[in-house]
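Q: One structure, as C-alpha cells, below. Some questions next.
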Amino acid sequence: MKNVGIVALGKYLPERQLTNADLERMVETSDEWITTRTGIKERRIAAAGEKTSDLAVKAALDALKNAPVKAEDIEAIIVATVTPDGPFPSVACLVQKGIGNHKAFAFDVNAVCSGFLYAMTTAKQFIATGMVKNALVVAADRFSTLVDWKDRNTCVLFGDGAGAAVLAPVEEGGILADFLTANGEGASLMYVVSETSRTPCDQALEVGRLPYIVMHGQELFKHAVPGMAEAVDIAARRAGVALEDIKCVVPHQANDRIIASVAKRAGVDKERFFINIDKYGNISAASVVVALCEAVEEGRIKKGDKIALTVFGAGLVAAANIVEWSY
C-alpha cells in the first residue's frame, strides 16, 4: 500500500461579499448578534449565473497550478457537493471538461459538510491500492441557493465557495489515518425541504418556492461537538499520534462556539485550531479544504507537521483525518 498525501491545494471564493451589515437590511438581526453567536462577519455569494461547477473548476485549476501533475494526467476526479448544477450530469464530469482532462473517471459524493473528507478518504483508497496514480478532490457548494433569506436563524450562517486538493503517492508521511461515521437517526436535525410534492407525472403539480434549509441548531450543536472531538481522537489513535503532537487542527467552519467546545472536549488548545469562519461563514464541504489551503498559505502548516482535519454535517455524518504534511 502506497503512502498517499496532498501534493497541491487550491480555492475559489466568489467576489461578492455579504456582510453582517448587509443582512441587517434584509432581516431582523444585527452584527453583534451574529458575531457573538457564530463568529461570522461576512460570507461570499456566487454571482447570478455562477454555477457550482464554475466554482469547482476554478478551485481545481488553482490547485493544479502548483501540482506536480498536469490536468490532462489526472486519473480520478471526485467532487463533494450537495448543490449540483442539476440532478445530472455530475459536477465531477463538468470539472473534467473544465480542466481539459479526457482520461479520469469522475463522480460526486454527498456527505454535506463532511463531504471533502469523505471524498478524500475515498480517493486515497484508489491511489493506495494502485488503481490510479493520482486524484483530484474538489468540494464546492452554493448554499445561498438553499437558504430561506427570511429565516434569520439560518440565512446568516452560510456562504458559497470551493476548494480543491490533488492527491498522489508520497515518499513519507501523507494521510496517516482516516475515520468516517454516520448516524442516520439524527437526519431530521438538519435537512432541505420543498413545498412541491414532487409527485412523478402529476400534471396538476404547482411550483412552490425553492427548497430551503431547516436546522434545529441547539440539538445539532449537541451532536456536532462530541462528533468532531471523538472523530479526531479515534483518527489520532489509529495513526499512533498523540494529540499533543498535532501542530494544527483544521475543523469544519460552522460556528466559532462549536469550534471552541470541540477544542475543550478534545483537550487541545484552541490556539492550535485554524479558524477563518469570520470571512466566509459555513461553505459546507468546501469549508475545511479552504481553511486548510489558507493555513498552508499563512505558514501555519509546514512540511513534516502532523495536522488533524475534523468535520461534521447533516445526516448526521462526521469524519477526521490525521495528516503528516508532505510539501
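Order determines the names: the first chain of the C-alpha cells is A, the second B, and so forth; residues in each chain are numbered 1 upward, and ligands are numbered 1 upward as they are shown.
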As a PyMOL selection string, please: all residues of range 18-267 of chain A that backbone DSSP puts in strand (DSSP E or B).
A: chain A and resi 18-19+42-45+76-80+105-109+135-142+158+160-169+174-182+190-193+212-215+248-251
Q: Please identify every residue of range 21-85 of chain A that has at least one atom no farther than 6 Å from an atom of range 147-168 of chain A, counting only C-alpha atoms, and for each give the shortest atom pair and the distance in Å to one decimal, arranged by chain then increasing number, as CSV.
A:
residue,atom,partner,partner_atom,distance
A:Arg43,CA,A:Gly159,CA,5.1
A:Arg44,CA,A:Gly159,CA,5.2
A:Ile45,CA,A:Asp160,CA,5.3
A:Leu55,CA,A:Ala162,CA,5.7
A:Ala56,CA,A:Ala162,CA,5.6
A:Ala59,CA,A:Gly163,CA,5.2
A:Ala60,CA,A:Ala164,CA,5.3
Q: At a cut-off of 9 Å, using only C-alpha atoms, what residues contact range 277-284 of chain A? Leave out same-chain residues fewer than 4 positions from it and give the result as JSON, numbers by chain.
A: {"A": [13, 17, 35, 38, 39, 40, 41, 42, 43, 44, 81, 82, 112, 113, 114, 115, 139, 140, 141, 142, 143, 156, 157, 158, 159, 160, 161, 162, 252, 253, 254, 255, 256, 288, 291, 313]}
Q: Any chance you can output those residues with C-alpha atoms as a PDB file, in the first residue's frame?
A:
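Saved as selection.pdb:
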ATOM      1  CA  LEU A  13     -14.350  32.306  -3.384  1.00  0.00           C
ATOM      2  CA  GLN A  17     -19.234  39.844  -0.085  1.00  0.00           C
ATOM      3  CA  THR A  35     -20.782  37.773  15.659  1.00  0.00           C
ATOM      4  CA  THR A  38     -21.346  32.428  15.311  1.00  0.00           C
ATOM      5  CA  GLY A  39     -18.080  34.315  14.840  1.00  0.00           C
ATOM      6  CA  ILE A  40     -19.120  35.217  11.276  1.00  0.00           C
ATOM      7  CA  LYS A  41     -18.583  38.745   9.933  1.00  0.00           C
ATOM      8  CA  GLU A  42     -19.149  38.178   6.213  1.00  0.00           C
ATOM      9  CA  ARG A  43     -19.634  35.474   3.633  1.00  0.00           C
ATOM     10  CA  ARG A  44     -19.244  35.113  -0.155  1.00  0.00           C
ATOM     11  CA  THR A  81     -21.298  18.793  -3.243  1.00  0.00           C
ATOM     12  CA  VAL A  82     -24.978  18.960  -2.300  1.00  0.00           C
ATOM     13  CA  VAL A 112     -22.818  17.622   3.140  1.00  0.00           C
ATOM     14  CA  CYS A 113     -20.280  19.425   5.366  1.00  0.00           C
ATOM     15  CA  SER A 114     -18.217  16.238   5.775  1.00  0.00           C
ATOM     16  CA  GLY A 115     -18.041  15.777   2.013  1.00  0.00           C
ATOM     17  CA  ALA A 139     -15.519  20.436  -2.622  1.00  0.00           C
ATOM     18  CA  ALA A 140     -17.928  23.069  -3.924  1.00  0.00           C
ATOM     19  CA  ASP A 141     -21.294  24.382  -2.800  1.00  0.00           C
ATOM     20  CA  ARG A 142     -23.711  27.247  -3.402  1.00  0.00           C
ATOM     21  CA  PHE A 143     -25.620  27.135  -0.145  1.00  0.00           C
ATOM     22  CA  VAL A 156     -26.673  34.406   8.490  1.00  0.00           C
ATOM     23  CA  LEU A 157     -24.682  31.167   8.573  1.00  0.00           C
ATOM     24  CA  PHE A 158     -23.961  30.098   5.021  1.00  0.00           C
ATOM     25  CA  GLY A 159     -21.945  31.174   2.012  1.00  0.00           C
ATOM     26  CA  ASP A 160     -20.615  29.885  -1.311  1.00  0.00           C
ATOM     27  CA  GLY A 161     -17.178  28.700  -2.358  1.00  0.00           C
ATOM     28  CA  ALA A 162     -14.933  25.836  -3.409  1.00  0.00           C
ATOM     29  CA  HIS A 252     -15.228  22.443   9.736  1.00  0.00           C
ATOM     30  CA  GLN A 253     -16.075  26.151   9.896  1.00  0.00           C
ATOM     31  CA  ALA A 254     -19.699  26.040  11.072  1.00  0.00           C
ATOM     32  CA  ASN A 255     -19.740  28.092  14.255  1.00  0.00           C
ATOM     33  CA  ASP A 256     -16.994  29.522  16.443  1.00  0.00           C
ATOM     34  CA  VAL A 288     -12.367  22.543   5.656  1.00  0.00           C
ATOM     35  CA  ALA A 291      -9.330  26.637   5.619  1.00  0.00           C
ATOM     36  CA  GLY A 313     -22.517  17.583   8.855  1.00  0.00           C
TER      37      GLY A 313
END
Q: From a DSSP pass on the backbone, collect the residues of range 53-213 of chain A flagged as alpha helix (DSSP H) and hand them back as JSON, numbers by chain.
A: {"A": [53, 54, 55, 56, 57, 58, 59, 60, 61, 62, 63, 64, 65, 91, 92, 93, 94, 95, 96, 97, 98, 99, 115, 116, 117, 118, 119, 120, 121, 122, 123, 124, 125, 126, 127, 128, 152, 153, 154, 155]}
Q: Just to be explicit: take each residue in the selection above, keep C-alpha atoms, and write the result as a PDB file, in the first residue's frame.
A:
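So the final result, stored in again28.pdb, reads:
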ATOM      1  CA  SER A  53     -19.434  23.637 -11.419  1.00  0.00           C
ATOM      2  CA  ASP A  54     -17.956  27.080 -12.155  1.00  0.00           C
ATOM      3  CA  LEU A  55     -16.762  27.372  -8.553  1.00  0.00           C
ATOM      4  CA  ALA A  56     -15.402  23.825  -8.652  1.00  0.00           C
ATOM      5  CA  VAL A  57     -13.494  24.293 -11.915  1.00  0.00           C
ATOM      6  CA  LYS A  58     -11.841  27.496 -10.675  1.00  0.00           C
ATOM      7  CA  ALA A  59     -10.739  25.855  -7.420  1.00  0.00           C
ATOM      8  CA  ALA A  60      -9.448  22.832  -9.348  1.00  0.00           C
ATOM      9  CA  LEU A  61      -7.417  24.973 -11.736  1.00  0.00           C
ATOM     10  CA  ASP A  62      -5.984  26.892  -8.778  1.00  0.00           C
ATOM     11  CA  ALA A  63      -4.810  23.624  -7.203  1.00  0.00           C
ATOM     12  CA  LEU A  64      -3.381  22.336 -10.472  1.00  0.00           C
ATOM     13  CA  LYS A  65      -1.248  25.483 -10.953  1.00  0.00           C
ATOM     14  CA  VAL A  91     -20.295  18.153 -11.185  1.00  0.00           C
ATOM     15  CA  ALA A  92     -17.199  15.943 -11.379  1.00  0.00           C
ATOM     16  CA  CYS A  93     -17.801  15.337 -15.092  1.00  0.00           C
ATOM     17  CA  LEU A  94     -18.166  19.073 -15.623  1.00  0.00           C
ATOM     18  CA  VAL A  95     -14.896  19.626 -13.759  1.00  0.00           C
ATOM     19  CA  GLN A  96     -13.216  17.072 -16.015  1.00  0.00           C
ATOM     20  CA  LYS A  97     -14.374  19.086 -19.021  1.00  0.00           C
ATOM     21  CA  GLY A  98     -13.440  22.384 -17.408  1.00  0.00           C
ATOM     22  CA  ILE A  99      -9.827  21.422 -16.708  1.00  0.00           C
ATOM     23  CA  GLY A 115     -18.041  15.777   2.013  1.00  0.00           C
ATOM     24  CA  PHE A 116     -14.425  16.763   1.437  1.00  0.00           C
ATOM     25  CA  LEU A 117     -13.039  14.268   3.932  1.00  0.00           C
ATOM     26  CA  TYR A 118     -15.369  11.540   2.661  1.00  0.00           C
ATOM     27  CA  ALA A 119     -14.198  12.245  -0.892  1.00  0.00           C
ATOM     28  CA  MET A 120     -10.522  12.498   0.046  1.00  0.00           C
ATOM     29  CA  THR A 121     -10.620   9.242   2.005  1.00  0.00           C
ATOM     30  CA  THR A 122     -12.278   7.546  -0.983  1.00  0.00           C
ATOM     31  CA  ALA A 123      -9.666   8.904  -3.388  1.00  0.00           C
ATOM     32  CA  LYS A 124      -6.890   7.761  -1.071  1.00  0.00           C
ATOM     33  CA  GLN A 125      -8.010   4.140  -1.416  1.00  0.00           C
ATOM     34  CA  PHE A 126      -7.851   4.250  -5.224  1.00  0.00           C
ATOM     35  CA  ILE A 127      -4.270   5.541  -5.090  1.00  0.00           C
ATOM     36  CA  ALA A 128      -3.049   3.369  -2.212  1.00  0.00           C
ATOM     37  CA  ARG A 152     -32.646  34.934  10.351  1.00  0.00           C
ATOM     38  CA  ASN A 153     -31.539  31.812  12.237  1.00  0.00           C
ATOM     39  CA  THR A 154     -30.088  30.170   9.134  1.00  0.00           C
ATOM     40  CA  CYS A 155     -29.510  32.839   6.472  1.00  0.00           C
TER      41      CYS A 155
END
Q: State, in Å with one decimal place, the distance from CA of Ala46 in chain A to CA of Lys70 in chain A.
A: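 Computing it gives 27.7 Å between the two atoms.
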Q: Tell me which of A:Ser287, A:Ala295, A:Arg257, A:Asn20 sits closest to Phe274 in chain A, counting only C-alpha atoms.
A: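 Under the stated criterion, the closest residue is A:Ala295.
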Q: Quick one: residues within 8 Å of Val250 in chain A, only C-alpha atoms counted, chain neighbours fewer than 5 positions away excluded, as a PyMOL selection string?
A: chain A and resi 273-275+288+291-292+307-310
Q: Take CA of Cys293 in chain A and CA of Asp108 in chain A and report the distance between them in Å, one decimal.
A: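 CA of Asp108 in chain A lies 21.2 Å from CA of Cys293 in chain A.
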Q: Of the residues A:Ile77, A:Lys222, A:Pro68, A:Ala266, which is the one nearest to Ala242 in chain A, using only C-alpha atoms?
A: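 Answer, going by the shortest atom-to-atom distance: A:Ala266.
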Q: From the set A:Val138, A:Val268, A:Val249, A:Ala229, which residue has the shortest atom-to-atom contact distance to Gly10 in chain A, counting only C-alpha atoms?
A: A:Val138
Q: Looking at only C-alpha atoms, which of A:Gly217, A:Gly184, A:Pro251, A:Pro89 is the one that sits closest to Ala231 in chain A?
A: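 Answer, going by the shortest atom-to-atom distance: A:Pro251.
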Q: Within 10 Å of Lys270 in chain A, counting only C-alpha atoms, which residues show up once you throw out same-chain ones fewer than 5 positions away? Write them as a VMD selection string, please.
A: chain A and resid 248 to 249 259 to 264 275
Q: Which is closest to Leu9 in chain A among A:Ala187, A:Ala21, A:Leu243, A:Val290, if we use only C-alpha atoms?
A: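 Comparing A:Ala187, A:Ala21, A:Leu243, A:Val290 against Leu9 in chain A, the winner is A:Val290.
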Q: Could you tell me how far CA of Ala236 in chain A sits from CA of Leu220 in chain A, in Å to one decimal place?
A: 24.2 Å
